[in-house]
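Just model-v9.txt here, compact mmCIF, C-alpha atoms and all ligand atoms:
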# COMPACT_ATOMS: atom_id res chain seq x y z
CA MET A 1 34.73 1.21 -71.81
CA PRO A 2 31.49 2.78 -73.12
CA LYS A 3 28.68 3.52 -70.69
CA LEU A 4 24.96 3.97 -70.80
CA VAL A 5 22.69 5.35 -68.11
CA HIS A 6 19.40 3.57 -67.39
CA ALA A 7 16.66 5.57 -65.67
CA ALA A 8 12.89 5.16 -65.31
CA ASP A 9 9.88 6.66 -63.57
CA LEU A 10 11.03 10.27 -63.50
CA HIS A 11 7.40 11.43 -63.06
CA LEU A 12 8.51 14.89 -64.13
CA ASP A 13 6.45 17.65 -62.46
CA SER A 14 4.45 15.17 -60.43
CA PRO A 15 1.97 17.46 -58.65
CA LEU A 16 2.36 15.79 -55.21
CA VAL A 17 -1.29 16.36 -54.39
CA GLY A 18 -2.09 16.75 -50.72
CA LEU A 19 1.14 18.31 -49.51
CA GLU A 20 -0.78 21.36 -48.31
CA ARG A 21 -2.33 19.20 -45.62
CA TYR A 22 1.02 19.06 -43.88
CA GLU A 23 1.80 21.99 -41.65
CA GLY A 24 5.05 23.68 -42.59
CA ALA A 25 5.76 21.42 -45.58
CA PRO A 26 8.43 22.85 -47.90
CA VAL A 27 5.94 22.51 -50.76
CA GLY A 28 7.95 24.35 -53.40
CA GLU A 29 11.12 22.42 -52.70
CA LEU A 30 9.30 19.08 -52.78
CA ARG A 31 7.48 19.93 -56.03
CA ARG A 32 10.70 21.06 -57.74
CA ALA A 33 12.47 17.87 -56.70
CA THR A 34 11.62 15.85 -59.86
CA ARG A 35 13.19 18.63 -61.97
CA GLY A 36 16.21 18.84 -59.70
CA ALA A 37 16.75 15.10 -60.00
CA LEU A 38 16.51 15.32 -63.82
CA ASP A 39 19.23 18.00 -63.69
CA ARG A 40 21.41 15.61 -61.71
CA LEU A 41 20.68 12.82 -64.21
CA VAL A 42 21.85 15.04 -67.07
CA GLU A 43 24.93 15.97 -65.05
CA LEU A 44 25.67 12.29 -64.44
CA CYS A 45 25.41 11.44 -68.15
CA VAL A 46 27.77 14.28 -69.06
CA ASN A 47 30.28 13.63 -66.27
CA GLU A 48 30.40 9.90 -66.95
CA GLY A 49 30.78 10.50 -70.68
CA ALA A 50 27.78 8.23 -71.27
CA GLU A 51 26.98 7.35 -74.88
CA LEU A 52 23.34 6.70 -74.25
CA LEU A 53 20.52 7.51 -71.82
CA LEU A 54 17.63 5.01 -71.66
CA ILE A 55 14.33 5.97 -70.03
CA ALA A 56 12.03 3.01 -69.40
CA GLY A 57 8.66 4.73 -69.11
CA ASP A 58 6.82 7.20 -66.85
CA LEU A 59 9.11 10.03 -67.88
CA PHE A 60 6.02 12.20 -67.32
CA ASP A 61 3.58 11.85 -64.45
CA GLY A 62 0.55 12.42 -66.69
CA ASN A 63 -0.73 15.05 -69.07
CA TRP A 64 1.23 18.31 -68.64
CA ARG A 65 -0.58 21.09 -66.80
CA ASP A 66 1.15 23.53 -69.16
CA TYR A 67 3.98 23.48 -71.68
CA SER A 68 6.68 24.34 -69.17
CA THR A 69 7.11 20.64 -68.38
CA GLY A 70 7.83 19.85 -72.04
CA LEU A 71 10.07 22.90 -72.46
CA PHE A 72 12.08 21.97 -69.39
CA LEU A 73 12.67 18.50 -70.82
CA CYS A 74 13.58 19.93 -74.28
CA GLU A 75 16.17 22.16 -72.67
CA ARG A 76 17.81 19.32 -70.70
CA MET A 77 17.78 17.01 -73.71
CA ALA A 78 19.48 19.75 -75.76
CA ARG A 79 22.23 19.84 -73.14
CA LEU A 80 22.69 16.12 -73.66
CA ARG A 81 22.82 16.66 -77.41
CA GLU A 82 25.64 19.18 -76.94
CA ALA A 83 27.51 16.58 -74.86
CA GLY A 84 26.97 13.89 -77.52
CA VAL A 85 24.56 11.80 -75.43
CA ARG A 86 21.80 10.04 -77.36
CA VAL A 87 18.49 9.26 -75.65
CA VAL A 88 15.97 6.46 -76.17
CA TRP A 89 12.70 6.49 -74.26
CA LEU A 90 9.30 4.86 -74.31
CA ARG A 91 5.98 5.43 -72.61
CA GLY A 92 4.69 3.77 -69.45
CA ASN A 93 1.25 3.73 -67.84
CA HIS A 94 1.57 7.34 -66.62
CA ASP A 95 2.63 8.85 -69.93
CA ALA A 96 0.81 6.40 -72.21
CA ALA A 97 0.10 7.77 -75.68
CA SER A 98 -3.62 8.16 -74.94
CA ARG A 99 -3.00 10.12 -71.71
CA LEU A 100 -0.53 12.74 -72.93
CA ARG A 101 -2.40 15.26 -75.04
CA LYS A 102 0.15 18.08 -75.14
CA HIS A 103 3.22 17.59 -77.28
CA LEU A 104 6.51 19.29 -78.14
CA ARG A 105 9.11 18.10 -80.58
CA LEU A 106 12.19 16.95 -78.69
CA PRO A 107 15.77 17.56 -79.92
CA GLU A 108 17.05 15.21 -82.61
CA ASN A 109 19.28 13.21 -80.23
CA VAL A 110 16.09 11.92 -78.57
CA ARG A 111 14.33 8.89 -80.01
CA GLU A 112 10.96 7.65 -78.79
CA LEU A 113 10.20 3.97 -79.43
CA SER A 114 6.81 3.22 -80.96
CA HIS A 115 3.81 2.41 -78.80
CA ALA A 116 2.13 0.54 -81.66
CA ARG A 117 4.67 -2.25 -82.07
CA PRO A 118 8.12 -3.25 -80.85
CA GLU A 119 10.88 -1.29 -82.47
CA SER A 120 14.67 -1.65 -82.55
CA VAL A 121 17.26 1.10 -82.73
CA CYS A 122 20.75 0.08 -83.76
CA PHE A 123 23.78 2.09 -82.61
CA GLU A 124 26.40 0.74 -84.99
CA ASP A 125 29.29 2.71 -83.50
CA LEU A 126 28.55 1.01 -80.15
CA ASN A 127 27.61 -2.38 -81.62
CA LEU A 128 24.48 -2.10 -79.49
CA VAL A 129 20.77 -2.53 -80.26
CA VAL A 130 17.86 -1.29 -78.13
CA HIS A 131 14.50 -3.06 -78.52
CA GLY A 132 11.26 -1.85 -76.99
CA GLN A 133 7.62 -0.84 -77.13
CA GLY A 134 5.81 1.85 -75.17
CA PHE A 135 2.29 1.87 -73.71
CA PRO A 136 -0.50 2.95 -76.12
CA GLU A 137 -2.89 3.29 -73.19
CA GLN A 138 -2.63 3.26 -69.41
CA ALA A 139 -3.78 -0.27 -68.71
CA VAL A 140 -1.68 -2.59 -70.85
CA LEU A 141 -2.53 -6.08 -69.67
CA GLU A 142 -0.81 -8.14 -72.35
CA ASP A 143 2.77 -9.36 -72.36
CA LEU A 144 4.48 -6.90 -74.71
CA THR A 145 7.70 -8.93 -74.86
CA ARG A 146 6.05 -11.74 -76.84
CA ARG A 147 6.49 -9.60 -79.94
CA TYR A 148 9.94 -8.21 -79.10
CA PRO A 149 12.39 -9.24 -81.85
CA ALA A 150 15.02 -11.91 -81.49
CA ALA A 151 18.45 -10.80 -80.32
CA VAL A 152 20.80 -9.51 -83.01
CA SER A 153 23.69 -11.91 -82.92
CA GLY A 154 27.14 -10.44 -82.39
CA ALA A 155 25.74 -7.22 -80.87
CA VAL A 156 24.93 -6.13 -77.32
CA ASN A 157 21.12 -6.38 -77.05
CA VAL A 158 19.14 -4.21 -74.65
CA GLY A 159 15.42 -4.64 -74.00
CA LEU A 160 13.60 -1.49 -72.85
CA LEU A 161 10.34 -2.30 -71.08
CA HIS A 162 7.81 -0.85 -68.64
CA THR A 163 6.46 -3.82 -66.68
CA ALA A 164 5.37 -5.15 -63.32
CA LEU A 165 6.94 -8.55 -64.18
CA GLU A 166 4.86 -11.23 -62.46
CA GLY A 167 3.45 -8.62 -60.10
CA ARG A 168 5.09 -6.37 -57.57
CA PRO A 169 3.36 -5.29 -54.33
CA GLY A 170 2.04 -1.73 -54.55
CA HIS A 171 2.33 -1.57 -58.35
CA ASP A 172 -0.40 -2.07 -60.97
CA PRO A 173 0.17 -5.38 -62.82
CA TYR A 174 0.77 -3.76 -66.22
CA ALA A 175 2.51 -5.44 -69.18
CA PRO A 176 2.98 -8.63 -67.16
CA CYS A 177 5.69 -11.07 -68.18
CA THR A 178 7.76 -13.74 -66.53
CA LEU A 179 11.37 -13.34 -65.54
CA SER A 180 12.24 -16.58 -67.28
CA ALA A 181 10.83 -15.26 -70.58
CA LEU A 182 13.13 -12.25 -70.29
CA VAL A 183 16.11 -14.39 -69.38
CA ASP A 184 15.43 -16.76 -72.30
CA ARG A 185 15.14 -13.96 -74.88
CA GLY A 186 18.90 -13.84 -75.38
CA TYR A 187 19.31 -10.10 -74.64
CA ASP A 188 22.24 -8.90 -72.54
CA TYR A 189 20.40 -6.31 -70.46
CA TRP A 190 16.74 -5.68 -69.66
CA ALA A 191 16.24 -2.02 -68.79
CA LEU A 192 12.96 -2.10 -66.88
CA GLY A 193 10.74 0.58 -65.44
CA HIS A 194 7.52 0.87 -63.39
CA VAL A 195 8.64 -0.47 -60.00
CA HIS A 196 9.87 2.43 -57.90
CA ALA A 197 12.41 0.51 -55.84
CA HIS A 198 15.85 -0.23 -57.30
CA GLU A 199 16.31 -3.95 -57.85
CA ILE A 200 18.75 -6.12 -59.75
CA VAL A 201 16.24 -8.85 -60.46
CA HIS A 202 18.67 -11.09 -62.34
CA ARG A 203 22.32 -11.20 -63.43
CA ALA A 204 23.56 -12.93 -66.59
CA PRO A 205 21.60 -11.59 -68.29
CA PHE A 206 20.92 -8.44 -66.28
CA VAL A 207 17.30 -7.62 -65.53
CA VAL A 208 17.27 -4.31 -63.66
CA TYR A 209 14.85 -1.78 -62.18
CA PRO A 210 16.67 1.49 -61.49
CA GLY A 211 13.78 2.61 -59.23
CA ASN A 212 12.37 6.09 -59.56
CA LEU A 213 14.68 9.05 -59.95
CA GLN A 214 13.22 10.99 -57.03
CA GLY A 215 11.06 9.76 -54.15
CA ARG A 216 7.73 11.57 -53.91
CA GLN A 217 6.30 10.26 -50.64
CA VAL A 218 7.42 8.44 -47.52
CA ARG A 219 6.68 5.06 -49.13
CA GLU A 220 9.47 5.89 -51.59
CA SER A 221 12.20 6.26 -49.02
CA GLY A 222 15.94 5.78 -49.27
CA PRO A 223 18.36 6.70 -52.05
CA LYS A 224 16.74 7.15 -55.49
CA GLY A 225 18.51 7.50 -58.81
CA ALA A 226 19.65 5.73 -61.95
CA VAL A 227 21.95 2.91 -63.00
CA VAL A 228 25.26 3.32 -64.83
CA VAL A 229 25.86 0.34 -67.14
CA THR A 230 29.29 -0.32 -68.66
CA PHE A 231 29.61 -2.56 -71.70
CA ASP A 232 32.12 -3.57 -74.35
CA SER A 233 31.48 -4.63 -77.93
CA ALA A 234 30.15 -8.02 -76.81
CA LYS A 235 28.61 -7.81 -73.35
CA VAL A 236 27.56 -5.84 -70.30
CA THR A 237 30.46 -5.65 -67.87
CA GLY A 238 29.11 -3.72 -64.89
CA VAL A 239 26.04 -2.19 -63.26
CA GLU A 240 26.11 0.50 -60.57
CA HIS A 241 23.27 2.43 -58.93
CA ARG A 242 23.83 6.17 -58.32
CA ALA A 243 21.74 8.34 -56.01
CA LEU A 244 20.44 11.41 -57.86
CA ASP A 245 17.56 12.51 -55.64
CA VAL A 246 17.54 16.03 -54.26
CA VAL A 247 15.06 15.31 -51.46
CA ARG A 248 15.57 12.15 -49.40
CA TRP A 249 12.52 10.49 -47.87
CA ALA A 250 13.07 8.33 -44.79
CA LYS A 251 11.15 6.34 -42.21
CA VAL A 252 13.03 6.78 -38.98
CA ARG A 253 12.25 4.29 -36.24
CA VAL A 254 13.28 5.48 -32.80
CA GLU A 255 13.41 3.08 -29.86
CA VAL A 256 12.24 4.98 -26.81
CA GLY A 257 12.43 2.19 -24.22
CA ASP A 258 15.14 4.01 -22.26
CA ALA A 259 13.32 7.33 -22.22
CA GLY A 260 12.01 8.36 -18.80
CA THR A 261 10.67 11.77 -19.89
CA LEU A 262 9.46 13.45 -23.05
CA ASP A 263 12.75 15.38 -23.17
CA ASP A 264 14.54 12.02 -23.31
CA VAL A 265 12.32 11.07 -26.25
CA GLY A 266 13.34 14.32 -27.95
CA ASP A 267 17.02 13.46 -27.38
CA ALA A 268 16.60 9.98 -28.88
CA VAL A 269 14.78 11.45 -31.91
CA GLN A 270 17.49 14.09 -32.37
CA ARG A 271 20.24 11.45 -32.36
CA ALA A 272 18.38 9.29 -34.89
CA LEU A 273 17.76 12.28 -37.18
CA VAL A 274 21.43 13.30 -37.03
CA ARG A 275 22.37 9.80 -38.27
CA GLU A 276 19.72 9.81 -41.01
CA SER A 277 20.56 13.34 -42.12
CA ALA A 278 24.23 12.36 -42.48
CA LEU A 279 23.14 9.52 -44.82
CA ALA A 280 21.18 12.03 -46.88
CA SER A 281 24.39 14.10 -47.32
CA GLU A 282 23.01 17.65 -47.19
CA ARG A 283 19.81 16.92 -49.09
CA LEU A 284 16.54 17.98 -47.55
CA LEU A 285 15.50 15.03 -45.38
CA ALA A 286 11.73 14.40 -45.37
CA ALA A 287 11.24 12.10 -42.40
CA ARG A 288 8.43 10.16 -40.82
CA VAL A 289 9.44 9.47 -37.25
CA GLU A 290 8.02 6.37 -35.59
CA LEU A 291 8.44 5.98 -31.86
CA VAL A 292 8.65 2.26 -31.14
CA GLY A 293 9.32 -0.29 -28.45
CA PRO A 294 7.91 -1.01 -25.01
CA SER A 295 7.89 2.25 -23.08
CA ALA A 296 6.94 3.46 -19.62
CA LEU A 297 5.73 6.61 -21.43
CA HIS A 298 3.39 4.69 -23.75
CA ALA A 299 0.14 5.97 -22.24
CA ALA A 300 1.47 9.54 -21.95
CA LEU A 301 2.66 9.56 -25.56
CA ARG A 302 -0.67 8.25 -26.81
CA ALA A 303 -2.59 10.74 -24.73
CA ASP A 304 -0.93 13.86 -26.20
CA PRO A 305 -0.06 13.42 -29.90
CA GLU A 306 0.23 17.18 -30.44
CA ARG A 307 2.96 17.44 -27.81
CA VAL A 308 4.76 14.43 -29.36
CA THR A 309 4.64 16.02 -32.82
CA GLN A 310 6.03 19.33 -31.56
CA THR A 311 8.71 17.52 -29.51
CA VAL A 312 9.82 15.67 -32.67
CA ARG A 313 9.79 18.90 -34.72
CA ALA A 314 11.86 20.66 -32.08
CA ALA A 315 14.36 17.79 -32.19
CA ALA A 316 14.54 18.12 -36.00
CA LEU A 317 15.49 21.79 -35.65
CA ASP A 318 18.47 20.69 -33.58
CA VAL A 319 20.06 18.73 -36.45
CA ASP A 320 22.86 20.66 -38.16
CA ALA A 321 23.97 18.02 -40.70
CA GLY A 322 21.28 19.24 -43.14
CA PRO A 323 17.69 20.48 -43.33
CA VAL A 324 15.03 18.15 -41.92
CA TRP A 325 11.28 18.35 -42.41
CA ILE A 326 9.09 16.09 -40.27
CA GLU A 327 6.33 14.65 -42.43
CA ARG A 328 4.66 13.03 -39.45
CA ALA A 329 5.38 11.71 -35.98
CA VAL A 330 3.79 8.36 -35.21
CA VAL A 331 3.45 6.81 -31.76
CA ALA A 332 3.85 3.04 -32.24
CA THR A 333 5.06 2.20 -28.76
CA ARG A 334 3.46 -0.39 -26.52
CA ALA A 335 3.03 -0.66 -22.80
CA GLU A 336 5.99 -2.09 -20.96
CA ARG A 337 5.99 -5.79 -20.30
CA LEU A 338 4.73 -6.54 -16.82
CA ASP A 339 6.70 -8.57 -14.42
CA PHE A 340 4.71 -11.75 -13.83
CA GLY A 341 5.27 -11.57 -10.06
CA ASP A 342 3.77 -8.10 -9.91
CA GLY A 343 0.78 -9.33 -11.85
CA VAL A 344 0.05 -12.04 -9.32
CA SER A 345 0.07 -9.68 -6.37
CA ALA A 346 -1.88 -6.94 -8.18
CA ALA A 347 -5.41 -6.08 -7.19
CA GLY A 348 -8.40 -6.15 -9.54
CA PRO A 349 -8.82 -8.08 -12.79
CA LEU A 350 -5.12 -7.91 -13.60
CA GLY A 351 -4.15 -9.84 -10.47
CA GLU A 352 -7.05 -12.21 -10.86
CA LEU A 353 -6.03 -13.11 -14.40
CA ALA A 354 -2.38 -13.51 -13.41
CA ARG A 355 -3.35 -15.83 -10.54
CA GLU A 356 -5.64 -17.87 -12.82
CA ILE A 357 -2.83 -18.40 -15.29
CA THR A 358 -0.35 -19.36 -12.57
CA ALA A 359 -2.83 -21.89 -11.24
CA LEU A 360 -3.44 -23.24 -14.73
CA LYS A 361 0.28 -23.73 -15.19
CA ALA A 362 0.40 -25.91 -12.10
CA ASP A 363 -2.65 -27.95 -13.11
CA PRO A 364 -1.86 -30.05 -16.21
CA SER A 365 -5.25 -31.79 -16.34
CA THR A 366 -7.26 -28.53 -16.50
CA LEU A 367 -4.77 -27.21 -19.05
CA ALA A 368 -5.32 -30.38 -21.09
CA THR A 369 -9.09 -29.76 -21.23
CA PHE A 370 -8.40 -26.22 -22.51
CA LEU A 371 -6.03 -27.56 -25.11
CA ALA A 372 -8.64 -30.07 -26.28
CA GLU A 373 -10.78 -27.06 -27.27
CA LEU A 374 -7.97 -25.60 -29.34
CA PRO A 375 -8.56 -27.38 -32.67
CA ALA A 376 -12.13 -26.05 -32.76
CA LEU A 377 -10.85 -22.57 -31.90
CA ALA A 378 -8.15 -22.87 -34.52
CA GLU A 379 -10.83 -23.79 -37.07
CA LEU A 380 -12.80 -20.65 -36.18
CA PHE A 381 -9.62 -18.63 -36.39
CA ARG A 382 -8.93 -19.96 -39.87
CA LYS A 383 -12.45 -19.09 -40.91
CA TYR A 384 -12.22 -15.45 -39.89
CA ARG A 385 -8.52 -14.80 -40.43
CA PRO A 386 -7.66 -17.07 -43.40
CA ALA A 387 -4.27 -15.43 -43.94
CA ALA A 388 -3.15 -16.23 -40.40
CA GLY A 389 -4.45 -19.79 -40.46
CA SER A 390 -1.17 -21.30 -41.52
CA GLU A 391 0.72 -20.17 -38.44
CA PRO A 392 2.20 -23.16 -36.65
CA VAL A 393 0.62 -24.08 -33.32
CA ALA A 394 3.16 -23.63 -30.55
CA GLU A 395 3.59 -26.13 -27.73
CA PRO A 396 1.24 -25.65 -24.71
CA GLY A 397 3.75 -23.93 -22.42
CA ALA A 398 4.72 -21.34 -25.05
CA LEU A 399 1.05 -20.83 -25.90
CA LEU A 400 0.23 -20.08 -22.28
CA GLU A 401 3.16 -17.64 -22.06
CA ASP A 402 1.97 -15.80 -25.17
CA ALA A 403 -1.60 -15.62 -23.88
CA ARG A 404 -0.41 -14.29 -20.53
CA GLU A 405 1.79 -11.59 -22.09
CA LEU A 406 -0.94 -10.51 -24.45
CA LEU A 407 -3.75 -10.39 -21.91
CA LEU A 408 -1.74 -8.68 -19.18
CA ALA A 409 -0.39 -6.07 -21.58
CA ARG A 410 -3.89 -5.33 -22.86
CA LEU A 411 -5.31 -5.10 -19.34
CA ALA A 412 -2.44 -2.89 -18.18
CA GLU A 413 -3.07 -0.62 -21.16
CA LEU A 414 -6.76 -0.36 -20.29
CA GLU A 415 -5.98 0.37 -16.63
CA SER A 416 -3.50 3.11 -17.51
CA GLY A 417 -6.12 4.69 -19.80
MN MN B 1 4.57 3.00 -64.13

Show me, as structure tokens, the structure contained in the file I just sent.
Ligand SMILES: [Mn+2]
Amino acid sequence: MPKLVHAADLHLDSPLVGLERYEGAPVGELRRATRGALDRLVELCVNEGAELLLIAGDLFDGNWRDYSTGLFLCERMARLREAGVRVVWLRGNHDAASRLRKHLRLPENVRELSHARPESVCFEDLNLVVHGQGFPEQAVLEDLTRRYPAAVSGAVNVGLLHTALEGRPGHDPYAPCTLSALVDRGYDYWALGHVHAHEIVHRAPFVVYPGNLQGRQVRESGPKGAVVVTFDSAKVTGVEHRALDVVRWAKVRVEVGDAGTLDDVGDAVQRALVRESALASERLLAARVELVGPSALHAALRADPERVTQTVRAAALDVDAGPVWIERAVVATRAERLDFGDGVSAAGPLGELAREITALKADPSTLATFLAELPALAELFRKYRPAAGSEPVAEPGALLEDARELLLARLAELESG
């Protein structure tokens, strides 16, 4: 069965500004990663015997710093030509026509769709048509699909589009359109770009984001790559995501509740990194480590971030599954929960508060007068924290428990510095 490969958001030669800030960052390796991932994409197309490679925008990160970016692409596209792979691409917000001032002619197997109007390319040998329009300028705020042509009946129809759909968190709302409009268009496959996380938004017909080809920061963590689409002369028969990244970004949360010493924390971090590194299968793992959970070490960890960072780095050196670079170590622990009994017998404000709350629990009428004040408080709360205003009001007992936990934990934190 014939195959096509759908990729987007390659951001080739993305400069990754700000990496120098990080001590010991493998800057060269990180900067070369977008090229390495393109190499793996080409390899995938050749090995799978793909007929077609579709690139749904943001092939380039912006205007090229020099011509080496364009030459690198020309060379890889020529390799695809030798393997008989045809390429269709269009521009997104990053490589919009108005932003890219340098230009090189790409090999003849590569076809760019117009950024002035929707265009269709028919591959008669495959009985497949690709429709699409690129971005003339960065901020396209109209729905480009309104002018996309009707489906060609009897053929497999693919829509190529750079879009945020109805809006995706963390992504500019460019070329907005509704999912139902795409579904109703009568195409078999919508090859989308712009959103950097892989997502099969809809099946029958398929509406798919492949995600970006290579993560560039910790927000873009997990496997990154492209989608292999199989089709016959009438329909799309399968969709499969393939990891093609050469550097794997990861947020690694490490529970340190059981750790009694900083060495124990190092052990827990080492174990977590061994697991994560195995998932990255020999790629460079770029990890942000977050220490989480209630911990007896909370105050100590917070007091000496430098020691925490070096402890985490030392743990990363002890991982032999693959290379690990620690982007950052974050202390997100909290103080351990206090035993209520201890609170009551404690001296100072902690004990006083605990005793007050115990007394309140045993005195329903006083509690009732407090609760009578709650609607007014809730109103104030809504005024200053509108987003939280819709939270359901718990029953009095649970409310009192929450208040006790919160206040005692805060006080204990203050007392322990
Ligand atoms: Mn984009």

4 Å per side around stretch 72-76 of chain A: axis-aligned box centre and edge lengths, as AutoDock Vina command-line options:
--center_x 14.9 --center_y 20.3 --center_z -71.8 --size_x 13.7 --size_y 11.7 --size_z 12.9

Please provide as a list in words all residues within 9 Å of A:Ala204, with the sequence filter that same-chain residues fewer than 3 positions apart are discarded (counting all atoms listed in the file).
->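 The residues satisfying every condition are Val183, Asp188, Tyr189, Val207 and Val236 of chain A.
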
Any chance you could tabulate, as JSON lines, the residues of chain A at most 10 Å from ligand MN 1 (chain B) with each one's nearest atom pair and distance in Å to one decimal, using only C-alpha atoms and all ligand atoms, in chain and rising number order?
{"residue": "A:Ala8", "atom": "CA", "partner": "B:MN1", "partner_atom": "MN", "distance": 8.7}
{"residue": "A:Asp9", "atom": "CA", "partner": "B:MN1", "partner_atom": "MN", "distance": 6.5}
{"residue": "A:Leu10", "atom": "CA", "partner": "B:MN1", "partner_atom": "MN", "distance": 9.7}
{"residue": "A:His11", "atom": "CA", "partner": "B:MN1", "partner_atom": "MN", "distance": 9.0}
{"residue": "A:Ala56", "atom": "CA", "partner": "B:MN1", "partner_atom": "MN", "distance": 9.1}
{"residue": "A:Gly57", "atom": "CA", "partner": "B:MN1", "partner_atom": "MN", "distance": 6.7}
{"residue": "A:Asp58", "atom": "CA", "partner": "B:MN1", "partner_atom": "MN", "distance": 5.5}
{"residue": "A:Leu59", "atom": "CA", "partner": "B:MN1", "partner_atom": "MN", "distance": 9.2}
{"residue": "A:Phe60", "atom": "CA", "partner": "B:MN1", "partner_atom": "MN", "distance": 9.8}
{"residue": "A:Asp61", "atom": "CA", "partner": "B:MN1", "partner_atom": "MN", "distance": 8.9}
{"residue": "A:Arg91", "atom": "CA", "partner": "B:MN1", "partner_atom": "MN", "distance": 8.9}
{"residue": "A:Gly92", "atom": "CA", "partner": "B:MN1", "partner_atom": "MN", "distance": 5.4}
{"residue": "A:Asn93", "atom": "CA", "partner": "B:MN1", "partner_atom": "MN", "distance": 5.0}
{"residue": "A:His94", "atom": "CA", "partner": "B:MN1", "partner_atom": "MN", "distance": 5.8}
{"residue": "A:Asp95", "atom": "CA", "partner": "B:MN1", "partner_atom": "MN", "distance": 8.5}
{"residue": "A:Ala96", "atom": "CA", "partner": "B:MN1", "partner_atom": "MN", "distance": 9.5}
{"residue": "A:Phe135", "atom": "CA", "partner": "B:MN1", "partner_atom": "MN", "distance": 9.9}
{"residue": "A:Gln138", "atom": "CA", "partner": "B:MN1", "partner_atom": "MN", "distance": 8.9}
{"residue": "A:His162", "atom": "CA", "partner": "B:MN1", "partner_atom": "MN", "distance": 6.8}
{"residue": "A:Thr163", "atom": "CA", "partner": "B:MN1", "partner_atom": "MN", "distance": 7.5}
{"residue": "A:Ala164", "atom": "CA", "partner": "B:MN1", "partner_atom": "MN", "distance": 8.2}
{"residue": "A:His171", "atom": "CA", "partner": "B:MN1", "partner_atom": "MN", "distance": 7.7}
{"residue": "A:Asp172", "atom": "CA", "partner": "B:MN1", "partner_atom": "MN", "distance": 7.8}
{"residue": "A:Pro173", "atom": "CA", "partner": "B:MN1", "partner_atom": "MN", "distance": 9.6}
{"residue": "A:Tyr174", "atom": "CA", "partner": "B:MN1", "partner_atom": "MN", "distance": 8.0}
{"residue": "A:Gly193", "atom": "CA", "partner": "B:MN1", "partner_atom": "MN", "distance": 6.8}
{"residue": "A:His194", "atom": "CA", "partner": "B:MN1", "partner_atom": "MN", "distance": 3.7}
{"residue": "A:Val195", "atom": "CA", "partner": "B:MN1", "partner_atom": "MN", "distance": 6.8}
{"residue": "A:His196", "atom": "CA", "partner": "B:MN1", "partner_atom": "MN", "distance": 8.2}
{"residue": "A:Asn212", "atom": "CA", "partner": "B:MN1", "partner_atom": "MN", "distance": 9.6}

Residues near A:Glu75, cut-off 12 Å, all atoms listed in the file, skip fewer than 2 positions along chain, as number ranges by chain | A: 35, 38-39, 42, 68-73, 77-82, 104-107, 110

Just how far from atom CA of A:Ala403 is atom CA of A:Gly257, in Å to one decimal?
-> 22.7 Å

Considering all atoms listed in the file, state which residue in the set A:Ala7, A:Leu126, A:Leu179, A:Val252 is at the smallest distance from A:His198.
->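 Of the candidates, the smallest distance to A:His198 is held by A:Ala7.
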
Stretch 214-229 of chain A: which residues within 8 Å, counting only C-alpha atoms, same-chain residues fewer than 6 positions away excluded, as a PyMOL selection string?
-> chain A and resi 3-8+10+16+30+33-34+37+41+196-198+236-251+280+286-288
